[in-house]
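Next comes protein-v4.txt, with compact mmCIF, C-alpha atoms.
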```
# COMPACT_ATOMS: atom_id res chain seq x y z
CA MET A 300 0.00 0.00 0.00
CA LYS A 301 1.18 3.49 -0.85
CA GLU A 302 1.26 6.35 1.61
CA SER A 303 0.01 8.91 -0.89
CA TYR A 304 -1.87 8.62 -4.16
CA THR A 305 -2.06 12.29 -5.07
CA ARG A 306 -0.03 11.75 -8.23
CA ALA A 307 -1.36 8.31 -9.11
CA ASP A 308 -3.27 7.79 -12.35
CA GLU A 309 -6.84 6.50 -12.46
CA THR A 310 -5.93 2.93 -13.41
CA GLU A 311 -3.61 2.64 -10.43
CA LEU A 312 -6.22 4.13 -8.12
CA ILE A 313 -8.90 1.74 -9.35
CA ARG A 314 -6.63 -1.28 -9.02
CA ALA A 315 -5.58 -0.33 -5.50
CA SER A 316 -9.18 0.41 -4.50
CA LEU A 317 -10.23 -3.02 -5.72
CA ASP A 318 -7.53 -4.47 -3.49
CA GLY A 319 -9.21 -2.71 -0.57
CA ASP A 320 -6.81 0.23 -0.28
CA ARG A 321 -8.69 2.89 1.68
CA MET A 322 -6.24 5.65 0.77
CA ALA A 323 -6.59 4.98 -2.95
CA PHE A 324 -10.35 5.18 -2.88
CA GLY A 325 -10.09 8.28 -0.70
CA GLU A 326 -8.09 9.90 -3.48
CA ILE A 327 -10.82 9.05 -6.00
CA VAL A 328 -13.40 10.64 -3.69
CA ASN A 329 -11.25 13.77 -3.28
CA ARG A 330 -10.77 14.11 -7.03
CA TYR A 331 -14.45 13.83 -7.91
CA ARG A 332 -16.36 15.14 -4.89
CA LYS A 333 -16.72 18.67 -6.32
CA MET A 334 -17.96 17.31 -9.62
CA VAL A 335 -20.57 15.18 -7.83
CA ALA A 336 -21.54 18.12 -5.61
CA ARG A 337 -22.14 20.30 -8.69
CA THR A 338 -24.45 17.72 -10.22
CA ILE A 339 -26.39 16.90 -7.06
CA ARG A 340 -26.60 20.43 -5.65
CA GLY A 341 -27.42 21.77 -9.11
CA MET A 342 -30.30 19.33 -9.32
CA LEU A 343 -31.54 19.29 -5.73
CA GLY A 344 -30.35 22.64 -4.42
CA ASP A 345 -28.25 23.16 -1.32
CA THR A 346 -30.25 20.81 0.83
CA VAL A 347 -28.92 18.67 3.66
CA TYR A 348 -29.86 15.56 1.66
CA SER A 349 -27.41 16.40 -1.09
CA GLU A 350 -24.45 15.43 1.10
CA ASP A 351 -26.03 12.06 1.94
CA LEU A 352 -26.74 11.47 -1.71
CA GLY A 353 -23.14 12.39 -2.55
CA GLN A 354 -21.92 9.77 -0.09
CA GLU A 355 -24.28 7.25 -1.64
CA VAL A 356 -22.79 7.96 -5.07
CA PHE A 357 -19.29 7.02 -3.89
CA VAL A 358 -20.46 3.98 -1.93
CA LYS A 359 -22.23 2.77 -5.06
CA LEU A 360 -19.14 3.52 -7.13
CA TYR A 361 -16.99 1.43 -4.78
CA HIS A 362 -19.30 -1.55 -5.09
CA SER A 363 -19.52 -1.32 -8.86
CA LEU A 364 -15.86 -0.55 -9.45
CA SER A 365 -15.15 -4.13 -10.53
CA GLU A 366 -17.71 -3.67 -13.34
CA PHE A 367 -15.93 -0.56 -14.64
CA ARG A 368 -14.17 -1.72 -17.81
CA GLY A 369 -12.64 1.61 -18.77
CA ASP A 370 -14.74 2.03 -21.94
CA SER A 371 -15.52 5.56 -20.79
CA LYS A 372 -13.72 7.94 -18.44
CA LEU A 373 -14.09 7.32 -14.72
CA ALA A 374 -15.58 10.83 -14.44
CA THR A 375 -18.32 9.88 -16.93
CA TYR A 376 -19.03 6.68 -15.01
CA ILE A 377 -19.32 8.60 -11.71
CA GLN A 378 -21.51 11.25 -13.35
CA ARG A 379 -23.92 8.57 -14.55
CA ILE A 380 -24.24 7.19 -11.03
CA ALA A 381 -24.78 10.70 -9.64
CA VAL A 382 -27.39 11.57 -12.28
CA ASN A 383 -29.31 8.32 -11.81
CA LEU A 384 -29.38 8.59 -8.02
CA THR A 385 -30.42 12.24 -8.19
CA LEU A 386 -33.23 11.58 -10.65
CA ASN A 387 -34.44 8.70 -8.45
CA GLU A 388 -34.39 11.02 -5.45
CA ILE A 389 -36.43 13.63 -7.33
CA LYS A 390 -38.98 10.97 -8.32
CA ARG A 391 -39.12 9.66 -4.74
CA ARG A 392 -39.73 13.15 -3.36
CA LYS A 393 -42.36 13.94 -5.95
CA ARG A 394 -44.23 10.76 -4.96
CA PHE A 395 -43.88 11.63 -1.28
CA LEU A 396 -45.03 15.21 -1.73
CA SER A 397 -47.93 14.23 -3.95
CA LEU A 398 -49.36 12.37 -0.95
CA PHE A 399 -49.57 15.59 1.03
CA SER A 400 -49.84 18.39 -1.47
CA GLN A 401 -51.06 19.19 -4.95
CA LYS A 402 -47.98 21.36 -5.51
CA GLY A 403 -44.82 20.00 -7.10
CA SER A 404 -41.66 19.21 -5.21
CA ASP A 405 -39.72 21.90 -7.03
CA GLU A 406 -41.37 24.52 -4.89
CA MET A 407 -39.81 22.93 -1.84
CA TYR A 408 -36.36 22.98 -3.40
CA GLU A 409 -36.79 26.60 -4.33
CA MET A 410 -37.64 27.51 -0.75
CA GLU A 411 -34.67 25.57 0.58
CA VAL A 412 -32.27 27.21 -1.82
CA ALA A 413 -33.68 30.65 -1.14
CA ASP A 414 -33.26 30.22 2.62
CA GLU A 415 -29.72 28.97 2.27
CA ASN A 416 -28.75 31.78 -0.02
CA LYS A 417 -30.11 34.43 2.30
CA GLU A 418 -27.33 33.47 4.65
CA GLU A 419 -24.66 33.15 2.00
CA LYS A 420 -25.62 36.36 0.21
CA GLN A 421 -24.03 35.23 -2.99
CA GLU A 422 -25.91 36.85 -5.79
CA ALA A 423 -24.63 34.74 -8.66
CA LYS A 424 -25.22 31.53 -6.74
CA GLU A 425 -28.67 32.69 -5.79
CA ILE A 426 -29.62 33.47 -9.38
CA VAL A 427 -28.24 30.17 -10.67
CA GLY A 428 -29.87 28.20 -7.85
CA LYS A 429 -33.28 29.79 -8.27
CA ALA A 430 -33.18 29.51 -12.05
CA LEU A 431 -32.26 25.82 -11.88
CA MET A 432 -34.93 25.00 -9.33
CA ALA A 433 -37.59 26.69 -11.42
CA LEU A 434 -36.71 24.51 -14.42
CA ASP A 435 -38.34 21.21 -15.27
CA PRO A 436 -36.04 18.39 -13.92
CA LYS A 437 -35.45 16.94 -17.40
CA PHE A 438 -34.15 20.33 -18.53
CA ARG A 439 -32.42 21.00 -15.22
CA ILE A 440 -30.08 18.06 -15.61
CA ILE A 441 -29.01 19.21 -19.07
CA VAL A 442 -28.46 22.78 -17.90
CA THR A 443 -26.45 21.50 -14.92
CA MET A 444 -24.21 19.46 -17.19
CA ARG A 445 -23.63 22.38 -19.54
CA MET A 446 -23.55 25.38 -17.25
CA LEU A 447 -22.05 23.99 -14.03
CA GLN A 448 -19.94 21.12 -15.34
CA GLY A 449 -18.92 22.71 -18.61
CA TYR A 450 -19.60 19.62 -20.73
CA SER A 451 -20.15 19.78 -24.47
CA THR A 452 -23.47 18.63 -25.92
CA LYS A 453 -21.80 15.38 -27.04
CA GLU A 454 -20.42 14.70 -23.55
CA THR A 455 -23.81 15.56 -22.04
CA ALA A 456 -25.50 13.08 -24.36
CA GLU A 457 -22.94 10.42 -23.44
CA ILE A 458 -23.38 10.91 -19.70
CA LEU A 459 -27.17 11.01 -19.83
CA GLU A 460 -27.22 8.15 -22.36
CA LEU A 461 -29.51 10.15 -24.61
CA PRO A 462 -29.37 10.70 -28.39
CA LEU A 463 -27.58 13.91 -29.34
CA GLY A 464 -30.74 15.18 -31.06
CA THR A 465 -32.73 14.83 -27.84
CA VAL A 466 -30.09 16.76 -25.91
CA LEU A 467 -30.08 19.53 -28.52
CA SER A 468 -33.86 19.86 -28.54
CA ARG A 469 -34.04 19.86 -24.73
CA LEU A 470 -31.25 22.41 -24.62
CA SER A 471 -33.20 24.73 -26.90
CA ARG A 472 -36.42 24.29 -24.87
CA ALA A 473 -34.48 24.77 -21.62
CA GLN A 474 -33.03 27.99 -22.97
CA GLU A 475 -36.52 29.31 -23.76
CA GLN A 476 -37.78 28.35 -20.32
CA LEU A 477 -34.72 29.83 -18.65
CA LYS A 478 -35.15 33.16 -20.46
CA ASP A 479 -38.66 33.50 -18.99
CA ILE A 480 -37.47 32.47 -15.53
CA LEU A 481 -34.54 34.88 -15.52
CA GLN A 482 -36.76 37.79 -16.57
CA ASN A 483 -38.60 37.48 -13.29
CA LEU A 484 -35.51 37.14 -11.11
CA MET B 172 -20.23 40.80 -12.15
CA GLU B 173 -23.57 42.57 -12.56
CA ARG B 174 -26.90 40.75 -12.41
CA PRO B 175 -27.68 41.08 -16.17
CA GLU B 176 -24.19 39.79 -17.03
CA ILE B 177 -24.73 36.70 -14.92
CA LYS B 178 -28.08 36.10 -16.60
CA ASN B 179 -26.51 36.47 -20.05
CA LEU B 180 -23.79 34.03 -19.07
CA ILE B 181 -26.39 31.48 -17.97
CA ILE B 182 -28.33 31.84 -21.22
CA SER B 183 -25.22 31.67 -23.39
CA SER B 184 -24.13 28.42 -21.71
CA LEU B 185 -27.08 26.77 -23.42
CA ASN B 186 -26.11 27.68 -26.97
CA PRO B 187 -25.26 24.33 -28.59
CA GLY B 188 -21.97 25.43 -30.14
CA THR B 189 -20.65 27.34 -27.12
CA ASP B 190 -17.57 26.12 -25.26
CA THR B 191 -19.08 25.96 -21.78
CA GLU B 192 -15.91 25.17 -19.87
CA PRO B 193 -14.86 28.85 -19.54
CA ILE B 194 -18.44 29.75 -18.56
CA ALA B 195 -18.45 27.13 -15.80
CA ARG B 196 -15.10 28.46 -14.57
CA GLN B 197 -16.33 32.06 -14.70
CA LEU B 198 -19.42 31.18 -12.72
CA GLU B 199 -17.26 29.35 -10.20
CA ASP B 200 -15.16 32.48 -9.79
CA GLU B 201 -18.36 34.41 -9.16
CA GLY B 202 -19.21 32.14 -6.25
CA VAL B 203 -21.26 29.46 -8.03
CA SER B 204 -19.19 26.67 -6.57
CA TYR B 205 -20.34 23.54 -4.84
CA ASP B 206 -18.55 21.18 -2.51
CA TYR B 207 -19.25 19.04 0.52
CA SER B 208 -18.12 19.44 4.11
CA ASN B 209 -14.50 18.75 5.14
CA LYS B 210 -15.43 15.41 6.65
CA PHE B 211 -17.16 14.18 3.48
CA THR B 212 -14.34 11.89 2.29
CA ALA B 213 -13.83 10.42 5.76
CA LYS B 214 -17.57 9.73 6.07
CA VAL B 215 -17.65 7.95 2.70
CA LEU B 216 -14.63 5.81 3.61
CA ASP B 217 -16.10 4.94 7.01
CA LYS B 218 -19.35 3.88 5.35
CA ILE B 219 -17.48 1.58 3.01
CA PHE B 220 -14.66 0.16 5.09
CA GLU B 221 -15.94 0.24 8.64
CA ALA B 222 -19.44 -1.05 8.13
CA GLY B 223 -17.95 -4.48 7.55
CA LEU B 224 -18.71 -4.32 3.88
CA THR B 225 -16.66 -6.75 1.90
CA ILE B 226 -14.44 -5.92 -1.00
CA ASN B 227 -15.74 -6.27 -4.53
CA ARG B 228 -13.51 -9.19 -5.37
CA GLU B 229 -14.94 -11.15 -2.49
CA GLN B 230 -18.44 -10.40 -3.76
CA GLU B 231 -17.38 -11.38 -7.25
CA PHE B 232 -16.13 -14.71 -5.89
CA ILE B 233 -19.47 -15.32 -4.13
CA THR B 234 -21.38 -14.48 -7.31
CA LYS B 235 -19.24 -16.87 -9.33
CA LEU B 236 -19.61 -19.57 -6.70
CA SER B 237 -23.39 -19.32 -6.77
CA SER B 238 -23.42 -19.51 -10.58
CA VAL B 239 -21.25 -22.65 -10.40
CA PHE B 240 -23.67 -24.08 -7.85
CA TYR B 241 -26.60 -23.48 -10.21
CA ARG B 242 -24.76 -25.20 -13.05
CA ILE B 243 -24.03 -28.25 -10.87
CA ALA B 244 -27.64 -28.34 -9.69
CA LEU B 245 -28.94 -28.18 -13.27
CA THR B 246 -26.61 -31.01 -14.33
CA GLY B 247 -27.87 -33.06 -11.37
CA VAL B 248 -31.51 -32.48 -12.31
CA ALA B 249 -30.75 -33.45 -15.93
CA ALA B 250 -29.06 -36.69 -14.72
CA ILE B 251 -32.06 -37.57 -12.54
CA VAL B 252 -34.48 -37.01 -15.44
CA LEU B 253 -32.37 -39.26 -17.73
CA LEU B 254 -32.27 -41.94 -15.05
CA MET B 255 -36.06 -41.81 -14.61
CA ILE B 256 -36.55 -42.13 -18.40
CA SER B 257 -34.24 -45.13 -18.58
CA ILE B 258 -36.04 -46.75 -15.61
CA PHE B 259 -39.39 -46.19 -17.30
CA ILE B 260 -38.15 -47.67 -20.56
CA MET B 261 -36.61 -50.71 -18.88
CA GLY B 262 -39.25 -51.35 -16.19
CA GLY B 263 -42.33 -50.01 -17.98
CA SER B 264 -43.48 -48.18 -14.84
CA PHE B 265 -42.32 -46.13 -11.89
CA SER B 266 -43.15 -48.77 -9.27
CA ILE B 267 -40.88 -49.34 -6.24
CA ASN B 268 -39.59 -52.54 -7.83
CA SER B 269 -38.66 -50.71 -11.02
CA LEU B 270 -36.92 -48.00 -9.07
CA LEU B 271 -35.01 -50.61 -7.03
CA GLY B 272 -34.13 -52.50 -10.20
CA ILE B 273 -35.94 -55.72 -9.21
CA GLY B 274 -38.96 -55.33 -11.46
CA ASP B 275 -38.16 -58.37 -13.63
CA THR B 276 -36.93 -60.73 -10.88
CA ILE B 277 -39.07 -63.46 -9.37
CA ASP B 278 -39.18 -64.10 -5.60
CA GLU B 279 -37.43 -67.49 -5.80
CA SER B 280 -34.41 -66.07 -7.54
CA ILE B 281 -34.07 -63.40 -4.84
CA VAL B 282 -34.22 -66.09 -2.14
CA CYS B 283 -31.56 -68.06 -4.02
CA LEU B 284 -29.47 -64.96 -4.39
CA LEU B 285 -29.67 -64.05 -0.69
CA THR B 286 -29.20 -67.57 0.70
CA GLY B 287 -26.60 -68.64 -1.82
CA ASN B 288 -28.44 -71.87 -2.64
```
Please go through the file and, once you have read it, give me the structure as structure tokens.
Amino acid sequence: MKESYTRADETELIRASLDGDRMAFGEIVNRYRKMVARTIRGMLGDTVYSEDLGQEVFVKLYHSLSEFRGDSKLATYIQRIAVNLTLNEIKRRKRFLSLFSQKGSDEMYEMEVADENKEEKQEAKEIVGKALMALDPKFRIIVTMRMLQGYSTKETAEILELPLGTVLSRLSRAQEQLKDILQNL
Amino acid sequence: MERPEIKNLIISSLNPGTDTEPIARQLEDEGVSYDYSNKFTAKVLDKIFEAGLTINREQEFITKLSSVFYRIALTGVAAIVLLMISIFIMGGSFSINSLLGIGDTIDESIVCLLTGN
């Protein structure tokens, strides 16, 4: 076992993690935690659940690491896990909220983000957060990938496992929706 | 950065041909950054390694072992079916005598066989 993996490449980190090296997997977590946080917090807002979900992403990654064949980048693989878990969480919350209210779950996220941002007083973050929460989740994920992660449309399509045409059409519809939302912010 | 500039940046990030990497960086510089608490990595590692969860290779071994078990079980079932068919063909029924292989023997020959006379 190595003492530090800060300069190790991904293949080495994966191999060592599969051998049960805690430090190696810790390095993977450190390298990708911000990326996962951007996806989950972009989709769910700055809620307390987003940290739990982030942990779940890495636990799931650890248990599926032996299935990772290296056909795509490790970052893409982690993004897929993060996106799937986040979309499942959104569905779960919508089901839960529909039992108690006629209003959608997005309203709750918006309130949570607004409260958090009052304390932080970060204007740009507040605008981005509110705009994202006001978007339809299927558009929100695409906007998160483009705006917060900086992925190209091709990379977005690859991560979301959607045809490029679908991504492009959703991007255009998201842009229209976002223009209306931002006018009122 | 002024409010309208931020809004324009957000909108422009959705143009299909735009290189969004600089936009994401610019937004990050403006405070649109996300991360978890300092203890995040430690919490993840504790969840994985201290909850007594086994390593993937061990799980892989168990999965392979169970698939081998199924194969052996299927082979066994196939052997039993073949045996039953051959018994039915030879004995003409599934009676106890046929199953024991004494369907065609007469009592006297069994007595002779057992007593040695």
Can you pull out the residues contacting region 367-383 of chain A? Cut-off 9 Å, using only C-alpha atoms, and skip same-chain residues under 4 positions away; I want them as a PyMOL selection string.
chain A and resi 309-310+331+334-335+338-339+342+352-353+355-357+359-360+363+387-388+440+454+457-460
What are the residues of chain A that have an atom within 8 Å of an atom of chain B, counting all atoms listed in the file, as an MDAnalysis selection string?
chainID A and resid 317:319 321 324:325 328:329 332:333 336:337 340 350 354:355 357:358 361:365 421:424 426:427 442 445:452 467 470:471 473:474 477:478 481
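Rounded to one decimal, CA of Ser269 (chain B) and CA of Gly287 (chain B) lie 23.5 Å from each other.
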Atomic distance CA of Phe395 (chain A) - CA of Ala430 (chain A), expressed in Å with one decimal
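Between CA of Phe395 (chain A) and CA of Ala430 (chain A) the gap works out to 23.5 Å.
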CA of Gln476 (chain A) to CA of Ala433 (chain A): how many Å, to one decimal?
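According to the coordinates, CA of Gln476 (chain A) and CA of Ala433 (chain A) are separated by 9.1 Å.
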Would it be fine to have region 178-258 of chain B, with C-alpha atoms, given as a PDB file, in the first residue's frame?
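Ended up saving to part17.pdb:
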```
ATOM      1  CA  LYS B 178     -28.080  36.102 -16.596  1.00  0.00           C
ATOM      2  CA  ASN B 179     -26.507  36.466 -20.051  1.00  0.00           C
ATOM      3  CA  LEU B 180     -23.788  34.033 -19.068  1.00  0.00           C
ATOM      4  CA  ILE B 181     -26.388  31.482 -17.974  1.00  0.00           C
ATOM      5  CA  ILE B 182     -28.332  31.838 -21.223  1.00  0.00           C
ATOM      6  CA  SER B 183     -25.218  31.670 -23.394  1.00  0.00           C
ATOM      7  CA  SER B 184     -24.126  28.421 -21.707  1.00  0.00           C
ATOM      8  CA  LEU B 185     -27.083  26.765 -23.422  1.00  0.00           C
ATOM      9  CA  ASN B 186     -26.110  27.678 -26.971  1.00  0.00           C
ATOM     10  CA  PRO B 187     -25.263  24.328 -28.591  1.00  0.00           C
ATOM     11  CA  GLY B 188     -21.968  25.429 -30.135  1.00  0.00           C
ATOM     12  CA  THR B 189     -20.647  27.340 -27.120  1.00  0.00           C
ATOM     13  CA  ASP B 190     -17.574  26.119 -25.260  1.00  0.00           C
ATOM     14  CA  THR B 191     -19.081  25.958 -21.783  1.00  0.00           C
ATOM     15  CA  GLU B 192     -15.909  25.166 -19.869  1.00  0.00           C
ATOM     16  CA  PRO B 193     -14.858  28.853 -19.536  1.00  0.00           C
ATOM     17  CA  ILE B 194     -18.438  29.746 -18.562  1.00  0.00           C
ATOM     18  CA  ALA B 195     -18.450  27.127 -15.803  1.00  0.00           C
ATOM     19  CA  ARG B 196     -15.100  28.459 -14.572  1.00  0.00           C
ATOM     20  CA  GLN B 197     -16.325  32.058 -14.705  1.00  0.00           C
ATOM     21  CA  LEU B 198     -19.422  31.180 -12.716  1.00  0.00           C
ATOM     22  CA  GLU B 199     -17.265  29.352 -10.197  1.00  0.00           C
ATOM     23  CA  ASP B 200     -15.160  32.481  -9.793  1.00  0.00           C
ATOM     24  CA  GLU B 201     -18.365  34.411  -9.158  1.00  0.00           C
ATOM     25  CA  GLY B 202     -19.213  32.138  -6.246  1.00  0.00           C
ATOM     26  CA  VAL B 203     -21.263  29.462  -8.035  1.00  0.00           C
ATOM     27  CA  SER B 204     -19.190  26.670  -6.568  1.00  0.00           C
ATOM     28  CA  TYR B 205     -20.342  23.539  -4.841  1.00  0.00           C
ATOM     29  CA  ASP B 206     -18.549  21.181  -2.506  1.00  0.00           C
ATOM     30  CA  TYR B 207     -19.250  19.041   0.522  1.00  0.00           C
ATOM     31  CA  SER B 208     -18.120  19.436   4.114  1.00  0.00           C
ATOM     32  CA  ASN B 209     -14.498  18.746   5.141  1.00  0.00           C
ATOM     33  CA  LYS B 210     -15.434  15.410   6.645  1.00  0.00           C
ATOM     34  CA  PHE B 211     -17.155  14.184   3.485  1.00  0.00           C
ATOM     35  CA  THR B 212     -14.343  11.890   2.289  1.00  0.00           C
ATOM     36  CA  ALA B 213     -13.834  10.423   5.759  1.00  0.00           C
ATOM     37  CA  LYS B 214     -17.573   9.734   6.065  1.00  0.00           C
ATOM     38  CA  VAL B 215     -17.647   7.950   2.704  1.00  0.00           C
ATOM     39  CA  LEU B 216     -14.633   5.809   3.606  1.00  0.00           C
ATOM     40  CA  ASP B 217     -16.104   4.937   7.012  1.00  0.00           C
ATOM     41  CA  LYS B 218     -19.345   3.878   5.350  1.00  0.00           C
ATOM     42  CA  ILE B 219     -17.475   1.580   3.006  1.00  0.00           C
ATOM     43  CA  PHE B 220     -14.660   0.159   5.090  1.00  0.00           C
ATOM     44  CA  GLU B 221     -15.945   0.240   8.637  1.00  0.00           C
ATOM     45  CA  ALA B 222     -19.441  -1.050   8.127  1.00  0.00           C
ATOM     46  CA  GLY B 223     -17.949  -4.481   7.554  1.00  0.00           C
ATOM     47  CA  LEU B 224     -18.709  -4.324   3.883  1.00  0.00           C
ATOM     48  CA  THR B 225     -16.663  -6.749   1.899  1.00  0.00           C
ATOM     49  CA  ILE B 226     -14.441  -5.923  -0.998  1.00  0.00           C
ATOM     50  CA  ASN B 227     -15.742  -6.270  -4.527  1.00  0.00           C
ATOM     51  CA  ARG B 228     -13.514  -9.188  -5.369  1.00  0.00           C
ATOM     52  CA  GLU B 229     -14.936 -11.148  -2.493  1.00  0.00           C
ATOM     53  CA  GLN B 230     -18.440 -10.403  -3.761  1.00  0.00           C
ATOM     54  CA  GLU B 231     -17.382 -11.377  -7.251  1.00  0.00           C
ATOM     55  CA  PHE B 232     -16.135 -14.707  -5.886  1.00  0.00           C
ATOM     56  CA  ILE B 233     -19.474 -15.324  -4.129  1.00  0.00           C
ATOM     57  CA  THR B 234     -21.385 -14.480  -7.314  1.00  0.00           C
ATOM     58  CA  LYS B 235     -19.239 -16.869  -9.334  1.00  0.00           C
ATOM     59  CA  LEU B 236     -19.609 -19.571  -6.700  1.00  0.00           C
ATOM     60  CA  SER B 237     -23.385 -19.319  -6.775  1.00  0.00           C
ATOM     61  CA  SER B 238     -23.423 -19.514 -10.583  1.00  0.00           C
ATOM     62  CA  VAL B 239     -21.246 -22.649 -10.398  1.00  0.00           C
ATOM     63  CA  PHE B 240     -23.666 -24.079  -7.849  1.00  0.00           C
ATOM     64  CA  TYR B 241     -26.599 -23.483 -10.215  1.00  0.00           C
ATOM     65  CA  ARG B 242     -24.759 -25.205 -13.050  1.00  0.00           C
ATOM     66  CA  ILE B 243     -24.026 -28.251 -10.866  1.00  0.00           C
ATOM     67  CA  ALA B 244     -27.643 -28.337  -9.685  1.00  0.00           C
ATOM     68  CA  LEU B 245     -28.936 -28.175 -13.274  1.00  0.00           C
ATOM     69  CA  THR B 246     -26.610 -31.010 -14.327  1.00  0.00           C
ATOM     70  CA  GLY B 247     -27.873 -33.064 -11.370  1.00  0.00           C
ATOM     71  CA  VAL B 248     -31.511 -32.477 -12.313  1.00  0.00           C
ATOM     72  CA  ALA B 249     -30.755 -33.446 -15.931  1.00  0.00           C
ATOM     73  CA  ALA B 250     -29.062 -36.690 -14.722  1.00  0.00           C
ATOM     74  CA  ILE B 251     -32.064 -37.574 -12.535  1.00  0.00           C
ATOM     75  CA  VAL B 252     -34.482 -37.009 -15.439  1.00  0.00           C
ATOM     76  CA  LEU B 253     -32.375 -39.260 -17.733  1.00  0.00           C
ATOM     77  CA  LEU B 254     -32.273 -41.943 -15.053  1.00  0.00           C
ATOM     78  CA  MET B 255     -36.058 -41.809 -14.612  1.00  0.00           C
ATOM     79  CA  ILE B 256     -36.551 -42.129 -18.396  1.00  0.00           C
ATOM     80  CA  SER B 257     -34.238 -45.133 -18.577  1.00  0.00           C
ATOM     81  CA  ILE B 258     -36.044 -46.755 -15.608  1.00  0.00           C
TER      82      ILE B 258
END
```
